[in-house]
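So this one's target11.cif, mmCIF, C-alpha atoms:
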```
data_final
#
loop_
_atom_site.label_atom_id
_atom_site.label_comp_id
_atom_site.auth_asym_id
_atom_site.auth_seq_id
_atom_site.Cartn_x
_atom_site.Cartn_y
_atom_site.Cartn_z
CA MET A 1 0.00 0.00 0.00
CA ARG A 2 1.40 3.39 -0.96
CA PRO A 3 2.04 5.86 1.91
CA LEU A 4 -0.63 8.33 0.72
CA ALA A 5 -3.27 5.61 0.50
CA LEU A 6 -2.31 4.37 3.96
CA PHE A 7 -2.56 7.90 5.32
CA CYS A 8 -6.02 8.34 3.81
CA THR A 9 -7.16 5.02 5.27
CA LEU A 10 -5.97 5.99 8.75
CA LEU A 11 -7.55 9.43 8.42
CA LEU A 12 -11.06 8.17 7.65
CA PRO A 13 -12.02 7.23 11.26
CA ILE A 14 -10.80 10.63 12.50
CA VAL A 15 -12.77 12.54 9.87
CA HIS A 16 -15.84 10.40 10.57
CA SER A 17 -15.69 11.10 14.33
CA ARG A 18 -15.32 14.82 13.74
CA LEU A 19 -18.30 14.83 11.39
CA LEU A 20 -20.38 12.99 14.00
CA ALA A 21 -19.35 15.49 16.68
CA GLN A 22 -20.18 18.39 14.38
CA GLN A 23 -23.58 16.88 13.55
CA PHE A 24 -24.37 16.35 17.24
CA ILE A 25 -23.31 19.89 18.24
CA SER A 26 -25.26 21.47 15.37
CA GLN A 27 -28.47 19.85 16.68
CA LEU A 28 -28.19 21.32 20.19
CA SER A 29 -30.57 24.03 21.35
CA ALA A 30 -29.08 27.39 22.32
CA ALA A 31 -29.37 26.56 26.02
CA ASP A 32 -27.79 23.12 25.60
CA LEU A 33 -25.05 24.58 23.42
CA THR A 34 -24.25 27.14 26.14
CA HIS A 35 -24.07 24.38 28.75
CA ALA A 36 -21.85 22.24 26.54
CA PHE A 37 -19.55 25.19 25.82
CA VAL A 38 -19.18 26.10 29.51
CA GLN A 39 -18.33 22.50 30.41
CA HIS A 40 -15.84 22.29 27.55
CA ALA A 41 -14.19 25.60 28.46
CA LYS A 42 -13.81 24.55 32.09
CA SER A 43 -12.21 21.22 31.23
CA ALA A 44 -10.10 22.27 28.25
CA SER A 45 -6.39 22.38 29.03
CA GLY A 46 -4.77 22.20 25.62
CA ASN A 47 -1.03 22.13 25.03
CA GLN A 48 -0.23 25.82 24.61
CA GLN A 49 2.83 25.34 26.80
CA ASP A 50 4.44 23.58 23.85
CA TYR A 51 4.62 26.94 22.07
CA THR A 52 6.28 30.30 22.47
CA PHE A 53 5.43 33.34 20.36
CA LEU A 54 5.93 37.06 19.89
CA ILE A 55 3.31 39.62 20.95
CA LEU A 56 3.26 43.06 19.33
CA HIS A 57 1.33 45.30 21.70
CA ARG A 58 0.16 48.71 20.45
CA ASP A 59 -1.39 51.52 22.49
CA LEU A 60 -3.29 54.28 20.67
CA ASN A 61 -4.76 57.30 22.47
CA TYR A 62 -7.13 59.89 20.98
CA ILE A 63 -8.61 63.09 22.40
CA HIS A 64 -11.42 64.72 20.39
CA GLY A 65 -10.48 62.48 17.47
CA ILE A 66 -6.85 63.62 17.44
CA ARG A 67 -4.15 61.00 18.02
CA THR A 68 -2.11 61.97 21.08
CA SER A 69 -0.05 58.82 21.60
CA ASP A 70 1.09 55.80 19.60
CA GLN A 71 3.37 53.32 21.37
CA THR A 72 4.40 49.77 20.44
CA TYR A 73 6.02 47.09 22.59
CA LEU A 74 7.32 43.75 21.35
CA TYR A 75 7.18 40.92 23.89
CA GLU A 76 8.07 37.24 23.81
CA GLN A 77 5.97 34.81 25.81
CA VAL A 78 7.70 31.73 27.19
CA PHE A 79 6.97 29.36 30.06
CA ILE A 80 9.04 29.27 33.22
CA GLY A 81 8.24 26.59 35.78
CA GLY A 82 5.15 25.63 33.82
CA MET A 83 3.73 29.18 33.96
CA PRO A 84 3.54 31.85 31.24
CA TYR A 85 6.04 34.69 31.34
CA VAL A 86 6.39 37.63 28.96
CA HIS A 87 9.50 39.73 28.66
CA LEU A 88 9.94 42.91 26.69
CA LEU A 89 12.26 42.88 23.67
CA GLU A 90 11.63 46.19 21.90
CA HIS A 91 9.96 49.57 22.40
CA ASN A 92 8.73 51.41 19.28
CA GLY A 93 10.72 49.04 17.10
CA LYS A 94 14.04 49.50 18.93
CA PRO A 95 15.85 47.08 21.30
CA LEU A 96 15.69 47.82 25.03
CA LYS A 97 18.20 50.21 26.53
CA GLY A 98 19.59 51.32 29.85
CA LYS A 99 17.48 51.11 32.99
CA LEU A 100 14.52 49.47 31.29
CA LEU A 101 16.71 46.67 29.95
CA ALA A 102 18.32 46.20 33.37
CA HIS A 103 14.87 46.11 34.97
CA GLU A 104 13.66 43.45 32.51
CA ASN A 105 16.74 41.33 33.18
CA GLU A 106 16.19 41.64 36.93
CA LEU A 107 12.55 40.53 36.56
CA TYR A 108 13.61 37.56 34.45
CA ALA A 109 16.30 36.46 36.90
CA LYS A 110 13.92 36.85 39.84
CA THR A 111 11.25 34.80 38.08
CA LEU A 112 13.70 31.99 37.38
CA LYS A 113 14.65 31.93 41.07
CA ASP A 114 11.09 32.20 42.40
CA ARG A 115 9.74 29.40 40.22
CA THR A 116 12.40 26.84 41.08
CA GLY A 117 11.24 23.87 43.17
CA LEU A 118 7.56 24.83 43.43
CA THR A 119 4.98 22.21 44.38
CA PRO A 120 2.21 21.53 41.82
CA ASP A 121 -0.41 23.22 44.04
CA VAL A 122 1.64 26.39 44.47
CA ARG A 123 2.48 26.42 40.76
CA ASN A 124 -1.22 26.21 39.83
CA LYS A 125 -2.11 29.09 42.17
CA LEU A 126 0.68 31.26 40.85
CA ALA A 127 -0.21 30.44 37.26
CA HIS A 128 -3.76 31.64 37.90
CA ALA A 129 -2.56 34.80 39.69
CA ASN A 130 0.10 35.74 37.15
CA TYR A 131 -1.71 35.06 33.91
CA HIS A 132 -3.27 38.48 33.37
CA THR A 133 -5.92 38.80 30.70
CA ILE A 134 -8.98 40.98 30.20
CA GLN A 135 -11.94 39.22 31.84
CA ALA A 136 -14.48 40.06 29.16
CA TYR A 137 -17.16 37.76 30.63
CA ALA A 138 -17.67 35.45 33.58
CA LEU A 139 -17.79 31.84 32.36
CA ASP A 140 -19.70 30.63 35.45
CA GLN A 141 -22.49 33.16 34.80
CA LEU A 142 -23.24 32.41 31.16
CA GLU A 143 -25.94 29.80 31.80
CA SER A 144 -27.77 31.55 34.64
CA GLN A 145 -27.45 35.22 33.73
CA PHE A 146 -27.62 35.35 29.92
CA ARG A 147 -30.21 34.63 27.25
CA PRO A 148 -28.64 32.49 24.48
CA ALA A 149 -29.47 32.40 20.78
CA ILE A 150 -27.90 30.71 17.77
CA THR A 151 -27.58 33.35 15.05
CA GLY A 152 -25.50 31.80 12.28
CA HIS A 153 -23.17 29.11 10.97
CA PRO A 154 -20.31 30.84 9.13
CA THR A 155 -17.05 29.24 8.03
CA VAL A 156 -13.95 30.71 9.70
CA ASP A 157 -10.49 29.82 8.40
CA GLY A 158 -11.98 26.74 6.77
CA HIS A 159 -13.75 25.58 9.95
CA PRO A 160 -17.56 25.32 10.19
CA THR A 161 -18.71 27.33 13.21
CA ILE A 162 -21.76 28.21 15.28
CA LEU A 163 -22.50 31.77 16.40
CA LEU A 164 -23.67 31.80 20.02
CA ASP A 165 -25.21 35.18 20.88
CA LEU A 166 -25.64 35.95 24.61
CA THR A 167 -27.48 38.94 26.07
CA PRO A 168 -28.22 39.80 29.74
CA LEU A 169 -31.20 37.96 31.15
CA HIS A 170 -31.93 40.75 33.66
CA PRO A 171 -31.82 44.43 32.63
CA ASP A 172 -30.89 45.46 36.19
CA ALA A 173 -27.99 42.98 36.49
CA PRO A 174 -24.70 44.24 38.00
CA PRO A 175 -22.36 46.04 35.57
CA ALA A 176 -20.05 43.02 35.36
CA LEU A 177 -22.95 41.06 33.82
CA GLN A 178 -24.04 43.79 31.42
CA ARG A 179 -22.38 42.33 28.37
CA HIS A 180 -23.42 41.52 24.82
CA ILE A 181 -21.34 38.43 23.99
CA LEU A 182 -20.96 36.88 20.56
CA LEU A 183 -18.93 33.66 20.46
CA THR A 184 -17.85 31.97 17.24
CA LEU A 185 -17.47 28.32 18.22
CA ASP A 186 -15.76 25.58 16.23
CA ALA A 187 -18.68 23.31 15.32
CA SER A 188 -16.60 20.15 15.82
CA ASN A 189 -15.24 20.79 19.34
CA LEU A 190 -16.67 24.07 20.76
CA ASN A 191 -13.32 25.86 20.81
CA VAL A 192 -13.65 29.66 20.63
CA LEU A 193 -12.32 30.84 17.27
CA GLN A 194 -13.54 34.41 17.75
CA SER A 195 -15.30 36.44 20.42
CA HIS A 196 -16.84 39.91 20.39
CA VAL A 197 -17.89 41.42 23.71
CA GLU A 198 -19.48 44.84 24.21
CA THR A 199 -20.12 46.39 27.63
CA LEU A 200 -23.71 47.62 28.04
CA ALA A 201 -22.87 49.57 31.20
CA SER A 202 -19.77 51.22 32.62
CA ASP A 203 -17.76 48.72 34.63
CA ASN A 204 -14.69 49.77 36.66
CA ASN A 205 -12.23 51.30 34.18
CA PHE A 206 -14.24 50.35 31.10
CA SER A 207 -16.89 52.69 29.75
CA LYS A 208 -20.26 51.70 28.35
CA GLY A 209 -19.74 50.66 24.75
CA SER A 210 -16.26 49.24 25.27
CA VAL A 211 -15.49 46.45 22.82
CA PHE A 212 -13.18 43.46 23.30
CA GLU A 213 -12.18 41.25 20.39
CA LEU A 214 -10.40 37.90 20.41
CA HIS A 215 -9.28 35.80 17.46
CA ASN A 216 -7.72 32.36 17.89
CA ALA A 217 -6.07 30.19 15.24
CA TYR A 218 -4.97 26.58 14.92
CA ILE A 219 -1.19 26.22 14.67
CA ASN A 220 -0.28 22.60 13.91
CA GLY A 221 -3.61 21.61 15.44
CA VAL A 222 -3.07 23.64 18.63
CA LEU A 223 -5.46 26.54 19.36
CA LEU A 224 -3.37 29.67 19.99
CA PRO A 225 -4.17 33.39 20.26
CA ALA A 226 -3.85 35.37 17.03
CA PHE A 227 -5.28 38.81 17.83
CA ILE A 228 -6.73 40.61 20.87
CA SER A 229 -8.06 44.16 21.09
CA ALA A 230 -9.70 46.45 23.64
CA ASP A 231 -11.44 49.69 22.66
CA THR A 232 -12.72 51.96 25.45
CA ILE A 233 -13.10 55.53 26.71
CA VAL A 234 -11.18 56.56 29.83
CA PRO A 235 -12.13 59.81 31.64
CA VAL A 236 -9.06 61.63 32.98
CA LYS A 237 -9.21 64.55 35.39
CA HIS A 238 -6.42 67.12 35.57
CA MET A 239 -6.99 70.11 37.84
CA LEU A 240 -10.46 71.39 36.82
CA ILE A 241 -10.38 69.85 33.35
CA THR A 242 -11.87 66.46 32.50
CA ALA A 243 -10.93 64.82 29.21
CA ASN A 244 -12.23 61.62 27.69
CA ILE A 245 -9.37 59.62 26.19
CA HIS A 246 -10.23 57.09 23.52
CA VAL A 247 -7.90 54.16 24.19
CA ILE A 248 -7.30 51.32 21.73
CA GLY A 249 -4.99 48.50 22.71
CA THR A 250 -4.13 45.61 20.41
CA ASP A 251 -2.02 42.45 20.65
CA GLU A 252 -0.88 40.74 17.45
CA PHE A 253 0.66 37.28 17.84
CA SER A 254 3.27 35.83 15.48
CA ASN A 255 6.38 33.68 15.12
CA TYR A 256 4.86 30.63 16.84
CA ARG A 257 7.54 28.12 17.79
CA ARG A 258 7.65 24.99 19.85
CA PHE A 259 9.06 26.02 23.22
CA THR A 260 12.36 24.45 24.22
CA THR A 261 14.19 26.77 26.60
CA SER A 262 14.31 30.29 28.00
CA VAL A 263 16.46 33.12 26.71
CA THR A 264 18.15 36.08 28.39
CA LEU A 265 18.21 39.68 27.25
CA LYS A 266 21.47 41.23 26.13
CA SER A 267 22.33 44.78 25.04
CA THR A 268 25.13 47.30 25.37
CA LEU A 269 22.95 50.38 24.85
CA ASP A 270 22.58 52.87 27.71
CA ASP A 271 19.72 55.27 26.88
CA ASP A 272 16.44 55.08 28.80
CA VAL A 273 12.98 54.53 27.34
CA PRO A 274 9.51 54.90 28.93
CA ALA A 275 8.32 52.05 31.13
CA PRO A 276 6.00 49.73 29.15
CA PRO A 277 2.62 48.28 30.08
CA ARG A 278 2.76 44.69 31.36
CA ASN A 279 -0.32 42.49 31.18
#
```
Have the structure of the file written as structure tokens, please.
Amino acid sequence: MRPLALFCTLLLPIVHSRLLAQQFISQLSAADLTHAFVQHAKSASGNQQDYTFLILHRDLNYIHGIRTSDQTYLYEQVFIGGMPYVHLLEHNGKPLKGKLLAHENELYAKTLKDRTGLTPDVRNKLAHANYHTIQAYALDQLESQFRPAITGHPTVDGHPTILLDLTPLHPDAPPALQRHILLTLDASNLNVLQSHVETLASDNNFSKGSVFELHNAYINGVLLPAFISADTIVPVKHMLITANIHVIGTDEFSNYRRFTTSVTLKSTLDDDVPAPPRN
């Protein structure tokens, strides 16, 4: 048997099982789909720790429609002691310099020391505490506090999907639950390929109408982040003047590689640059 024919023969059971899973998921009601998604999201672990990647973070600020700031920061995410760690490589397209570089090297060295010899329980707690992301919605509240609807079945990056549209069940719910959530779910396994979340009420530092976007992509069969954005209005008071700053932050992910080891930062430059944001 030729290799290609053998490959196709071995592939048939896999394709068949995926088609069955897709058929089963496509027949679920909106409520059952929400329940299945929540259970999947809680149990999914994945193997993202096999990969490292670059993150290009960009901060844009506008006042009265005029751009007042445009900053970029290039990070690399690796895993140290089984936990994610990002270190800064460049600011506005230039390698780190001076005090900022020294500070990054100190943080890296301290992290290596702090994460040596941790017990699994301590490592899990620290991983949860140190993995900072925007909490666009509360997973545990989706079934009880939101009204689900299935609004479409588009194809995304070649994958059949289901659009799960969630709106607040109670109009007087706390601000943290005032969200309009649109999830684009892979129809074969319920992975989130895209999400669009809009705040329907001001919540902490995020104004009403803030929008959070997430795009994921399969890299060698592993679901990894591809793009994240946050778009909000931040009121700033200075003396007797209050200004509304339109803030847009984006993360673009690239250069995915299987993770093997950590790297250290090296530079002989001495000039200082502004301190960057750190998620």
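Remark: for Asn244 (chain A), the closest of the candidate residues A:Lys208, A:His64, A:His170, A:His35 is A:His64 (distances computed over only C-alpha atoms).
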Counting only C-alpha atoms, the residue of A:Arg147, A:Ser69, A:Asp203, A:Gly93 that sits nearest His180 (chain A): A:Arg147
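Closest approach to Leu74 (chain A) among A:Arg258, A:Phe253, A:Ala41, A:Ala187 is made by A:Phe253 (distances from only C-alpha atoms).
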Pick from A:Val247, A:Leu190, A:Leu224, A:Leu89 nearest to Ser26 (chain A), counting all atoms listed in the file: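 Residue with the minimum atom-to-atom distance to Ser26 (chain A): A:Leu190.
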Nearest to Phe79 (chain A) by atom-to-atom distance, counting all atoms listed in the file, from A:His238, A:Arg67, A:Arg115, A:His153: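 Of the candidates, the smallest distance to Phe79 (chain A) is held by A:Arg115.
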Residue neighbourhood Glu213 (chain A), 12 Å, all atoms listed in the file, exclusion window fewer than 2 positions, as a PyMOL selection string: chain A and resi 134-137+181-184+192-199+210-211+215-216+225-232+248-252
Could you take the residues named above and write them with C-alpha atoms, as a PDB file, in the coordinates of the input?
```pdb
ATOM      1  CA  ILE A 134      -8.980  40.980  30.200  1.00  0.00           C
ATOM      2  CA  GLN A 135     -11.940  39.220  31.840  1.00  0.00           C
ATOM      3  CA  ALA A 136     -14.480  40.060  29.160  1.00  0.00           C
ATOM      4  CA  TYR A 137     -17.160  37.760  30.630  1.00  0.00           C
ATOM      5  CA  ILE A 181     -21.340  38.430  23.990  1.00  0.00           C
ATOM      6  CA  LEU A 182     -20.960  36.880  20.560  1.00  0.00           C
ATOM      7  CA  LEU A 183     -18.930  33.660  20.460  1.00  0.00           C
ATOM      8  CA  THR A 184     -17.850  31.970  17.240  1.00  0.00           C
ATOM      9  CA  VAL A 192     -13.650  29.660  20.630  1.00  0.00           C
ATOM     10  CA  LEU A 193     -12.320  30.840  17.270  1.00  0.00           C
ATOM     11  CA  GLN A 194     -13.540  34.410  17.750  1.00  0.00           C
ATOM     12  CA  SER A 195     -15.300  36.440  20.420  1.00  0.00           C
ATOM     13  CA  HIS A 196     -16.840  39.910  20.390  1.00  0.00           C
ATOM     14  CA  VAL A 197     -17.890  41.420  23.710  1.00  0.00           C
ATOM     15  CA  GLU A 198     -19.480  44.840  24.210  1.00  0.00           C
ATOM     16  CA  THR A 199     -20.120  46.390  27.630  1.00  0.00           C
ATOM     17  CA  SER A 210     -16.260  49.240  25.270  1.00  0.00           C
ATOM     18  CA  VAL A 211     -15.490  46.450  22.820  1.00  0.00           C
ATOM     19  CA  HIS A 215      -9.280  35.800  17.460  1.00  0.00           C
ATOM     20  CA  ASN A 216      -7.720  32.360  17.890  1.00  0.00           C
ATOM     21  CA  PRO A 225      -4.170  33.390  20.260  1.00  0.00           C
ATOM     22  CA  ALA A 226      -3.850  35.370  17.030  1.00  0.00           C
ATOM     23  CA  PHE A 227      -5.280  38.810  17.830  1.00  0.00           C
ATOM     24  CA  ILE A 228      -6.730  40.610  20.870  1.00  0.00           C
ATOM     25  CA  SER A 229      -8.060  44.160  21.090  1.00  0.00           C
ATOM     26  CA  ALA A 230      -9.700  46.450  23.640  1.00  0.00           C
ATOM     27  CA  ASP A 231     -11.440  49.690  22.660  1.00  0.00           C
ATOM     28  CA  THR A 232     -12.720  51.960  25.450  1.00  0.00           C
ATOM     29  CA  ILE A 248      -7.300  51.320  21.730  1.00  0.00           C
ATOM     30  CA  GLY A 249      -4.990  48.500  22.710  1.00  0.00           C
ATOM     31  CA  THR A 250      -4.130  45.610  20.410  1.00  0.00           C
ATOM     32  CA  ASP A 251      -2.020  42.450  20.650  1.00  0.00           C
ATOM     33  CA  GLU A 252      -0.880  40.740  17.450  1.00  0.00           C
TER      34      GLU A 252
END
```
Long-range neighbours of Phe259 (chain A) as a ChimeraX atom specification, 8 Å cut-off, only C-alpha atoms, 4 positions minimum in chain: /A:49-52,78-79
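Each of A:Leu101, A:His87, A:Val222, A:Gln39 was checked against Leu139 (chain A) using only C-alpha atoms; the smallest atom-to-atom distance is that of A:Gln39.
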Å distance separating CA of Ala217 (chain A) from CA of Ile162 (chain A), one decimal place: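 Pair CA of Ala217 (chain A) / CA of Ile162 (chain A) returns 15.8 Å.
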